[in-house]
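Next comes target-v2.cif, a file with mmCIF, C-alpha atoms.
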```cif
data_start
#
loop_
_atom_site.group_PDB
_atom_site.id
_atom_site.type_symbol
_atom_site.label_atom_id
_atom_site.label_comp_id
_atom_site.auth_asym_id
_atom_site.auth_seq_id
_atom_site.Cartn_x
_atom_site.Cartn_y
_atom_site.Cartn_z
ATOM 1 C CA MET A 234 118.527 108.567 96.849
ATOM 2 C CA GLU A 235 118.675 111.690 98.949
ATOM 3 C CA TYR A 236 115.632 112.982 100.800
ATOM 4 C CA THR A 237 114.516 115.069 103.758
ATOM 5 C CA ALA A 238 112.125 113.867 106.432
ATOM 6 C CA SER A 239 110.072 115.748 108.993
ATOM 7 C CA ASP A 240 108.074 114.260 111.857
ATOM 8 C CA PHE A 241 104.769 115.606 113.127
ATOM 9 C CA THR A 242 103.005 114.271 116.219
ATOM 10 C CA ALA A 243 99.560 114.331 117.789
ATOM 11 C CA ASP A 244 98.271 112.768 121.005
ATOM 12 C CA ILE A 245 94.492 112.448 121.190
ATOM 13 C CA ALA A 246 91.866 110.512 123.085
ATOM 14 C CA ALA A 247 91.621 106.968 121.719
ATOM 15 C CA ALA A 248 87.797 107.020 121.785
ATOM 16 C CA ASP A 249 87.839 110.233 119.718
ATOM 17 C CA TYR A 250 90.319 108.788 117.205
ATOM 18 C CA VAL A 251 88.292 105.580 116.840
ATOM 19 C CA CYS A 252 85.008 107.481 116.458
ATOM 20 C CA ARG A 253 86.278 110.054 113.949
ATOM 21 C CA PHE A 254 88.835 108.109 111.909
ATOM 22 C CA ARG A 255 87.904 104.422 111.947
ATOM 23 C CA ASP A 256 85.675 102.872 109.303
ATOM 24 C CA ALA A 257 86.493 99.201 109.808
ATOM 25 C CA GLU A 258 83.918 97.867 107.363
ATOM 26 C CA ARG A 259 85.140 100.071 104.509
ATOM 27 C CA PHE A 260 88.836 99.445 105.065
ATOM 28 C CA MET A 261 88.461 95.713 105.710
ATOM 29 C CA ALA A 262 86.749 95.446 102.318
ATOM 30 C CA LEU A 263 89.809 97.151 100.783
ATOM 31 C CA CYS A 264 92.155 94.857 102.713
ATOM 32 C CA ARG A 265 90.373 91.787 101.361
ATOM 33 C CA GLU A 266 91.283 92.959 97.829
ATOM 34 C CA CYS A 267 94.994 93.068 98.688
ATOM 35 C CA PRO A 268 97.194 90.062 97.814
ATOM 36 C CA SER A 269 98.678 90.166 101.345
ATOM 37 C CA TYR A 270 95.289 89.612 102.994
ATOM 38 C CA GLY A 271 95.597 86.568 105.255
ATOM 39 C CA ARG A 272 99.168 85.972 104.053
ATOM 40 C CA SER A 273 101.097 88.159 106.505
ATOM 41 C CA TRP A 274 100.985 88.340 110.305
ATOM 42 C CA GLY A 275 100.730 92.139 110.032
ATOM 43 C CA CYS A 276 97.573 91.921 107.905
ATOM 44 C CA PRO A 277 93.964 90.950 108.611
ATOM 45 C CA PRO A 278 92.075 88.865 109.287
ATOM 46 C CA PHE A 279 93.170 88.803 112.911
ATOM 47 C CA GLY A 280 92.300 86.063 115.377
ATOM 48 C CA PHE A 281 91.029 88.551 117.957
ATOM 49 C CA ASP A 282 88.466 91.338 118.282
ATOM 50 C CA THR A 283 90.238 94.489 117.078
ATOM 51 C CA SER A 284 87.596 96.777 118.628
ATOM 52 C CA ALA A 285 88.124 95.136 122.026
ATOM 53 C CA LEU A 286 91.893 95.588 121.732
ATOM 54 C CA LEU A 287 91.528 99.284 120.871
ATOM 55 C CA SER A 288 89.049 99.881 123.710
ATOM 56 C CA GLN A 289 91.774 98.997 126.256
ATOM 57 C CA TYR A 290 93.553 102.293 125.591
ATOM 58 C CA ASP A 291 92.839 105.889 126.592
ATOM 59 C CA ARG A 292 95.126 107.781 124.209
ATOM 60 C CA VAL A 293 96.760 107.560 120.766
ATOM 61 C CA TYR A 294 100.175 109.040 120.048
ATOM 62 C CA LEU A 295 100.448 109.481 116.266
ATOM 63 C CA VAL A 296 103.589 110.137 114.255
ATOM 64 C CA ALA A 297 103.349 111.365 110.668
ATOM 65 C CA THR A 298 106.661 111.355 108.805
ATOM 66 C CA LYS A 299 106.737 113.451 105.644
ATOM 67 C CA ILE A 300 109.470 112.322 103.238
ATOM 68 C CA THR A 301 110.467 114.671 100.416
ATOM 69 C CA PRO A 302 112.681 113.195 97.685
ATOM 70 C CA GLY A 303 115.752 115.240 96.803
ATOM 71 C CA GLU A 304 115.034 114.573 93.138
ATOM 72 C CA SER A 305 111.802 115.961 91.691
ATOM 73 C CA GLY A 306 109.879 113.509 89.528
ATOM 74 C CA ALA A 307 111.801 110.436 90.698
ATOM 75 C CA ALA A 308 110.596 107.028 89.534
ATOM 76 C CA ILE A 309 107.892 105.414 91.686
ATOM 77 C CA ASP A 310 110.208 102.395 92.143
ATOM 78 C CA ALA A 311 112.270 104.551 94.529
ATOM 79 C CA ALA A 312 109.428 104.739 97.065
ATOM 80 C CA GLN A 313 110.583 101.842 99.256
ATOM 81 C CA GLU A 314 114.173 103.110 99.212
ATOM 82 C CA LEU A 315 112.891 106.387 100.685
ATOM 83 C CA ILE A 316 110.346 104.891 103.075
ATOM 84 C CA ARG A 317 112.410 102.084 104.605
ATOM 85 C CA PRO A 318 114.935 104.058 106.720
ATOM 86 C CA GLU A 319 112.206 106.294 108.116
ATOM 87 C CA ARG A 320 109.938 103.356 108.804
ATOM 88 C CA VAL A 321 112.746 101.532 110.639
ATOM 89 C CA ARG A 322 113.541 104.631 112.718
ATOM 90 C CA VAL A 323 109.982 105.468 113.792
ATOM 91 C CA GLU A 324 108.904 101.847 114.159
ATOM 92 C CA GLN A 325 111.822 101.167 116.532
ATOM 93 C CA MET A 326 110.961 104.254 118.567
ATOM 94 C CA LEU A 327 107.318 103.120 118.897
ATOM 95 C CA LEU A 328 108.324 99.564 119.837
ATOM 96 C CA ASP A 329 110.659 101.006 122.493
ATOM 97 C CA MET A 330 107.792 103.161 123.790
ATOM 98 C CA GLU A 331 105.510 100.111 123.807
ATOM 99 C CA CYS A 332 108.040 98.253 125.996
ATOM 100 C CA ARG A 333 108.620 101.225 128.286
ATOM 101 C CA TYR A 334 105.074 102.555 128.713
ATOM 102 C CA GLY A 335 102.841 99.663 127.663
ATOM 103 C CA GLY A 336 100.251 99.976 124.958
ATOM 104 C CA ARG A 337 100.205 98.781 121.372
ATOM 105 C CA ALA A 338 102.276 100.108 118.489
ATOM 106 C CA PHE A 339 100.982 100.354 114.936
ATOM 107 C CA SER A 340 103.445 100.463 112.090
ATOM 108 C CA TYR A 341 103.527 100.635 108.333
ATOM 109 C CA VAL A 342 103.389 96.981 107.378
ATOM 110 C CA GLY A 343 103.930 96.800 103.643
ATOM 111 C CA GLU A 344 106.796 94.341 103.435
ATOM 112 C CA CYS A 345 108.041 92.601 106.603
ATOM 113 C CA LEU A 346 111.363 93.977 107.799
ATOM 114 C CA TYR A 347 112.251 90.990 109.929
ATOM 115 C CA CYS A 348 112.214 87.845 107.774
ATOM 116 C CA GLY A 349 114.742 88.974 105.174
ATOM 117 C CA GLY A 350 112.313 88.868 102.257
ATOM 118 C CA ALA A 351 111.288 85.259 102.961
ATOM 119 C CA PRO A 352 107.576 84.455 102.677
ATOM 120 C CA CYS A 353 105.600 84.999 105.871
ATOM 121 C CA GLU A 354 105.185 81.944 108.083
ATOM 122 C CA ARG A 355 101.448 82.610 108.087
ATOM 123 C CA ILE A 356 101.224 81.231 104.552
ATOM 124 C CA CYS A 357 102.299 77.833 105.917
ATOM 125 C CA GLY A 358 100.046 78.065 108.964
ATOM 126 C CA ARG A 359 102.949 78.720 111.326
ATOM 127 C CA ARG A 360 103.337 81.381 114.009
ATOM 128 C CA CYS A 361 105.151 84.637 113.383
ATOM 129 C CA LEU A 362 108.914 84.385 113.935
ATOM 130 C CA HIS A 363 109.049 87.951 115.291
ATOM 131 C CA PRO A 364 105.849 88.626 117.296
ATOM 132 C CA ASP A 365 107.785 91.090 119.467
ATOM 133 C CA LYS A 366 108.389 93.299 116.405
ATOM 134 C CA VAL A 367 105.691 92.779 113.754
ATOM 135 C CA ARG A 368 102.865 95.279 114.156
ATOM 136 C CA PRO A 369 99.841 95.925 111.949
ATOM 137 C CA SER A 370 99.263 99.213 110.203
ATOM 138 C CA LEU A 371 96.491 101.550 111.275
ATOM 139 C CA GLU A 372 94.775 100.743 107.968
ATOM 140 C CA ALA A 373 94.720 97.048 108.911
ATOM 141 C CA PHE A 374 92.549 98.018 111.900
ATOM 142 C CA GLY A 375 90.265 100.144 109.710
ATOM 143 C CA PHE A 376 91.686 103.642 110.161
ATOM 144 C CA ASP A 377 91.494 106.253 107.414
ATOM 145 C CA ILE A 378 95.040 107.557 106.951
ATOM 146 C CA SER A 379 94.089 110.225 104.420
ATOM 147 C CA LYS A 380 91.556 111.724 106.855
ATOM 148 C CA THR A 381 94.019 111.374 109.760
ATOM 149 C CA LEU A 382 96.697 113.263 107.835
ATOM 150 C CA LEU A 383 94.402 116.037 106.688
ATOM 151 C CA GLU A 384 92.491 116.659 109.914
ATOM 152 C CA LEU A 385 95.233 116.118 112.494
ATOM 153 C CA PHE A 386 98.322 117.278 110.602
ATOM 154 C CA GLY A 387 97.061 119.459 107.733
ATOM 155 C CA ILE A 388 98.880 117.196 105.242
ATOM 156 C CA ARG A 389 97.231 115.906 102.059
ATOM 157 C CA LEU A 390 97.926 112.322 101.052
ATOM 158 C CA LEU A 391 99.390 112.426 97.552
ATOM 159 C CA TRP A 392 99.649 109.673 94.974
ATOM 160 C CA GLY A 393 102.238 109.203 92.267
ATOM 161 C CA HIS A 394 101.249 109.334 88.609
ATOM 162 C CA ASP A 395 102.775 108.428 85.270
ATOM 163 C CA GLY A 396 105.296 106.185 87.060
ATOM 164 C CA ARG A 397 106.624 109.104 89.117
ATOM 165 C CA LEU A 398 106.667 109.753 92.861
ATOM 166 C CA PRO A 399 104.444 112.484 94.260
ATOM 167 C CA GLU A 400 105.983 115.646 95.708
ATOM 168 C CA TYR A 401 106.276 113.852 99.067
ATOM 169 C CA LEU A 402 105.446 110.542 100.771
ATOM 170 C CA VAL A 403 103.964 110.208 104.254
ATOM 171 C CA LEU A 404 104.082 107.403 106.815
ATOM 172 C CA VAL A 405 101.604 107.353 109.698
ATOM 173 C CA MET A 406 102.325 105.163 112.713
ATOM 174 C CA ALA A 407 100.968 105.197 116.251
ATOM 175 C CA LEU A 408 101.057 103.991 119.828
ATOM 176 C CA PHE A 409 97.764 103.335 121.584
ATOM 177 C CA HIS A 410 98.529 103.863 125.297
ATOM 178 C CA ASN A 411 97.215 104.670 128.771
ATOM 179 C CA CYS A 412 99.646 107.427 129.759
ATOM 180 C CA PRO A 413 98.210 110.813 130.770
ATOM 181 C CA PRO A 414 97.532 113.419 128.049
ATOM 182 C CA GLY A 415 100.722 115.156 126.974
ATOM 183 C CA ALA A 416 102.984 112.456 128.468
ATOM 184 C CA PHE A 417 105.072 112.408 125.286
ATOM 185 C CA SER A 418 105.029 116.159 124.564
ATOM 186 C CA GLY A 419 108.762 116.568 125.312
ATOM 187 C CA LEU A 420 109.697 113.436 123.373
ATOM 188 C CA ARG A 421 112.009 114.012 120.451
ATOM 189 C CA VAL A 422 110.971 111.807 117.547
ATOM 190 C CA SER A 423 113.972 112.366 115.308
ATOM 191 C CA THR A 424 117.179 110.535 116.094
ATOM 192 C CA ASP A 425 119.537 112.722 114.071
#
```

Could you express the structure from this file as structure tokens?
Amino acid sequence: MEYTASDFTADIAAADYVCRFRDAERFMALCRECPSYGRSWGCPPFGFDTSALLSQYDRVYLVATKITPGESGAAIDAAQELIRPERVRVEQMLLDMECRYGGRAFSYVGECLYCGGAPCERICGRRCLHPDKVRPSLEAFGFDISKTLLELFGIRLLWGHDGRLPEYLVLVMALFHNCPPGAFSGLRVSTD
């Protein structure tokens, strides 16, 4: 399916992002209702203090990717077909940045990209096969993506209805880091 994608970025103080956009109690309650809860290494519960991990970083570099289907009113089943290539592209960029600059990347978990559709090793009590690549989503750490999109990017989060995709889909991923403000301002997100 054809689509267009546009990236938007923001780099803000981590303490400000945590204070304004994180409601861990609310979002953890929603996570517990999800069938992936405790069954994927990208999902909670985590075996560490998430607040302590976040407090190690000074800044957050956020990437919002707006994906507009080429076909209006496409079936909701096409969502993953549209999301996957953009997720792979931005996730790889953030993992590269994590390696180069330090910090911690946050992705769009959904379905694991690295185990070829096989069940997560977590289900069997085994370690992740790809700990260098699997990253939790911002939601898994209690961040409000709808509020993030609206207040930082001016983009409303839309939902499909009647089995049809919304006008556009949006992915939000991030890198928590300790680089100076504006360190990534000249960075080109798109690879095309």

Original post:
Given the file above and the PyMOL selection byres ((chain A and resi 271-281) around 7), which residues are selected, and can you give them as a PyMOL selection string?
Top reply: chain A and resi 269-270+282-283+342+353+355-356+361+367-369+373

Stretch 410-420 of chain A: axis-aligned bounding box, 4 Å on each side, centre and edge lengths in Å, one decimal, as JSON:
```
{"center_x": 103.5, "center_y": 110.2, "center_z": 127.1, "size_x": 20.5, "size_y": 20.7, "size_z": 15.4}
```

Subject >> Explicit residues for the PyMOL selection byres ((chain A and resi 288) around 12) (as a PyMOL selection string) >> reply: chain A and resi 246-252+282-287+289-293+336-337+409-411

Original post:
Hey, can you pull every residue with an atom no more than 12 Å from (92.3, 100.1, 108.4), using all atoms listed in the file, and send it as a ChimeraX atom specification?
Top reply: /A:251,254-265,275-278,283-284,339-342,369-381,405

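If you look at atom CA of A:Tyr294 and atom CA of A:Tyr236, they are 25.0 Å away from each other.
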
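When only C-alpha atoms are used to measure the gap to A:Gly419, the shortest distance among A:Gly335, A:Thr242, A:Leu383, A:Pro352 belongs to A:Thr242.
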
**OP:** Name the residues that the PyMOL selection byres ((chain A and resi 397) around 9) picks from the file above, as a ChimeraX atom specification, using the file's chain letters and numbers.
**Re:** /A:305-310,393-396,398-399

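When only C-alpha atoms are used to measure the gap to A:Asp365, the shortest distance among A:Ile316, A:Ala311, A:Ala407, A:Leu328 belongs to A:Leu328.
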
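Atom to atom, atom CA of A:Gly387 and atom CA of A:Phe241 stand 10.2 Å apart.
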
**OP:** Measure the distance from atom CA of A:Glu384 to atom CA of A:Gly343 in Å and round it to one decimal.
**Re:** 23.8 Å

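Shortest atom-to-atom contact with A:Glu304 among A:Met406, A:Asp240, A:Arg421, A:Glu235: A:Glu235, counting only C-alpha atoms.
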
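Closest to A:Gly303 among A:Asp244, A:Glu354, A:Glu344, A:Glu400 is A:Glu400, based on only C-alpha atoms.
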
Reconstruct stretch 409-420 of chain A at the level of all heavy atoms, and format the result as a PDB file, in the coordinates of the input.
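Result file is rebuild24.pdb:
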```pdb
ATOM      1  N   PHE A 409      98.933 103.239 120.716  1.00  0.00           N
ATOM      2  CA  PHE A 409      97.764 103.335 121.584  1.00  0.00           C
ATOM      3  C   PHE A 409      98.284 103.089 122.993  1.00  0.00           C
ATOM      4  O   PHE A 409      99.036 102.123 123.215  1.00  0.00           O
ATOM      5  CB  PHE A 409      96.713 102.289 121.195  1.00  0.00           C
ATOM      6  CG  PHE A 409      95.825 102.715 120.065  1.00  0.00           C
ATOM      7  CD1 PHE A 409      96.319 102.843 118.780  1.00  0.00           C
ATOM      8  CD2 PHE A 409      94.484 102.990 120.292  1.00  0.00           C
ATOM      9  CE1 PHE A 409      95.498 103.249 117.737  1.00  0.00           C
ATOM     10  CE2 PHE A 409      93.653 103.397 119.255  1.00  0.00           C
ATOM     11  CZ  PHE A 409      94.153 103.525 117.969  1.00  0.00           C
ATOM     12  N   HIS A 410      97.923 103.950 123.962  1.00  0.00           N
ATOM     13  CA  HIS A 410      98.529 103.863 125.297  1.00  0.00           C
ATOM     14  C   HIS A 410      97.567 104.353 126.376  1.00  0.00           C
ATOM     15  O   HIS A 410      96.482 104.852 126.075  1.00  0.00           O
ATOM     16  CB  HIS A 410      99.826 104.680 125.318  1.00  0.00           C
ATOM     17  CG  HIS A 410      99.621 106.143 125.077  1.00  0.00           C
ATOM     18  ND1 HIS A 410      99.375 107.034 126.105  1.00  0.00           N
ATOM     19  CD2 HIS A 410      99.596 106.873 123.940  1.00  0.00           C
ATOM     20  CE1 HIS A 410      99.245 108.261 125.594  1.00  0.00           C
ATOM     21  NE2 HIS A 410      99.371 108.175 124.281  1.00  0.00           N
ATOM     22  N   ASN A 411      98.005 104.220 127.623  1.00  0.00           N
ATOM     23  CA  ASN A 411      97.215 104.670 128.771  1.00  0.00           C
ATOM     24  C   ASN A 411      97.948 105.694 129.624  1.00  0.00           C
ATOM     25  O   ASN A 411      97.624 105.885 130.794  1.00  0.00           O
ATOM     26  CB  ASN A 411      96.802 103.470 129.631  1.00  0.00           C
ATOM     27  CG  ASN A 411      95.731 102.654 128.949  1.00  0.00           C
ATOM     28  OD1 ASN A 411      94.807 103.191 128.348  1.00  0.00           O
ATOM     29  ND2 ASN A 411      95.876 101.342 129.000  1.00  0.00           N
ATOM     30  N   CYS A 412      98.935 106.365 129.050  1.00  0.00           N
ATOM     31  CA  CYS A 412      99.646 107.427 129.759  1.00  0.00           C
ATOM     32  C   CYS A 412      98.763 108.678 129.791  1.00  0.00           C
ATOM     33  O   CYS A 412      97.870 108.833 128.956  1.00  0.00           O
ATOM     34  CB  CYS A 412     100.966 107.725 129.063  1.00  0.00           C
ATOM     35  SG  CYS A 412     102.125 106.340 129.098  1.00  0.00           S
ATOM     36  N   PRO A 413      99.026 109.593 130.716  1.00  0.00           N
ATOM     37  CA  PRO A 413      98.210 110.813 130.770  1.00  0.00           C
ATOM     38  C   PRO A 413      98.392 111.677 129.521  1.00  0.00           C
ATOM     39  O   PRO A 413      99.428 111.595 128.846  1.00  0.00           O
ATOM     40  CB  PRO A 413      98.718 111.538 132.015  1.00  0.00           C
ATOM     41  CG  PRO A 413      99.942 110.836 132.452  1.00  0.00           C
ATOM     42  CD  PRO A 413     100.037 109.526 131.749  1.00  0.00           C
ATOM     43  N   PRO A 414      97.403 112.514 129.202  1.00  0.00           N
ATOM     44  CA  PRO A 414      97.532 113.419 128.049  1.00  0.00           C
ATOM     45  C   PRO A 414      98.816 114.244 128.147  1.00  0.00           C
ATOM     46  O   PRO A 414      99.184 114.715 129.227  1.00  0.00           O
ATOM     47  CB  PRO A 414      96.303 114.326 128.163  1.00  0.00           C
ATOM     48  CG  PRO A 414      95.319 113.522 128.955  1.00  0.00           C
ATOM     49  CD  PRO A 414      96.141 112.688 129.903  1.00  0.00           C
ATOM     50  N   GLY A 415      99.496 114.365 127.032  1.00  0.00           N
ATOM     51  CA  GLY A 415     100.722 115.156 126.974  1.00  0.00           C
ATOM     52  C   GLY A 415     101.955 114.456 127.523  1.00  0.00           C
ATOM     53  O   GLY A 415     103.016 115.061 127.613  1.00  0.00           O
ATOM     54  N   ALA A 416     101.843 113.182 127.888  1.00  0.00           N
ATOM     55  CA  ALA A 416     102.984 112.456 128.468  1.00  0.00           C
ATOM     56  C   ALA A 416     104.188 112.422 127.537  1.00  0.00           C
ATOM     57  O   ALA A 416     105.326 112.334 128.002  1.00  0.00           O
ATOM     58  CB  ALA A 416     102.563 111.027 128.829  1.00  0.00           C
ATOM     59  N   PHE A 417     103.969 112.502 126.250  1.00  0.00           N
ATOM     60  CA  PHE A 417     105.072 112.408 125.286  1.00  0.00           C
ATOM     61  C   PHE A 417     105.383 113.755 124.641  1.00  0.00           C
ATOM     62  O   PHE A 417     106.111 113.800 123.650  1.00  0.00           O
ATOM     63  CB  PHE A 417     104.734 111.383 124.204  1.00  0.00           C
ATOM     64  CG  PHE A 417     104.359 110.039 124.750  1.00  0.00           C
ATOM     65  CD1 PHE A 417     103.196 109.414 124.351  1.00  0.00           C
ATOM     66  CD2 PHE A 417     105.141 109.385 125.684  1.00  0.00           C
ATOM     67  CE1 PHE A 417     102.828 108.177 124.843  1.00  0.00           C
ATOM     68  CE2 PHE A 417     104.793 108.151 126.190  1.00  0.00           C
ATOM     69  CZ  PHE A 417     103.631 107.536 125.771  1.00  0.00           C
ATOM     70  N   SER A 418     104.873 114.850 125.210  1.00  0.00           N
ATOM     71  CA  SER A 418     105.029 116.159 124.564  1.00  0.00           C
ATOM     72  C   SER A 418     106.490 116.593 124.457  1.00  0.00           C
ATOM     73  O   SER A 418     106.847 117.272 123.525  1.00  0.00           O
ATOM     74  CB  SER A 418     104.206 117.218 125.290  1.00  0.00           C
ATOM     75  OG  SER A 418     104.659 117.359 126.631  1.00  0.00           O
ATOM     76  N   GLY A 419     107.347 116.194 125.378  1.00  0.00           N
ATOM     77  CA  GLY A 419     108.762 116.568 125.312  1.00  0.00           C
ATOM     78  C   GLY A 419     109.606 115.568 124.553  1.00  0.00           C
ATOM     79  O   GLY A 419     110.801 115.746 124.384  1.00  0.00           O
ATOM     80  N   LEU A 420     108.972 114.500 124.070  1.00  0.00           N
ATOM     81  CA  LEU A 420     109.697 113.436 123.373  1.00  0.00           C
ATOM     82  C   LEU A 420     110.197 113.932 122.023  1.00  0.00           C
ATOM     83  O   LEU A 420     109.438 114.501 121.250  1.00  0.00           O
ATOM     84  CB  LEU A 420     108.782 112.225 123.173  1.00  0.00           C
ATOM     85  CG  LEU A 420     109.384 111.021 122.487  1.00  0.00           C
ATOM     86  CD1 LEU A 420     110.415 110.367 123.401  1.00  0.00           C
ATOM     87  CD2 LEU A 420     108.295 110.018 122.153  1.00  0.00           C
TER      88      LEU A 420
END
```
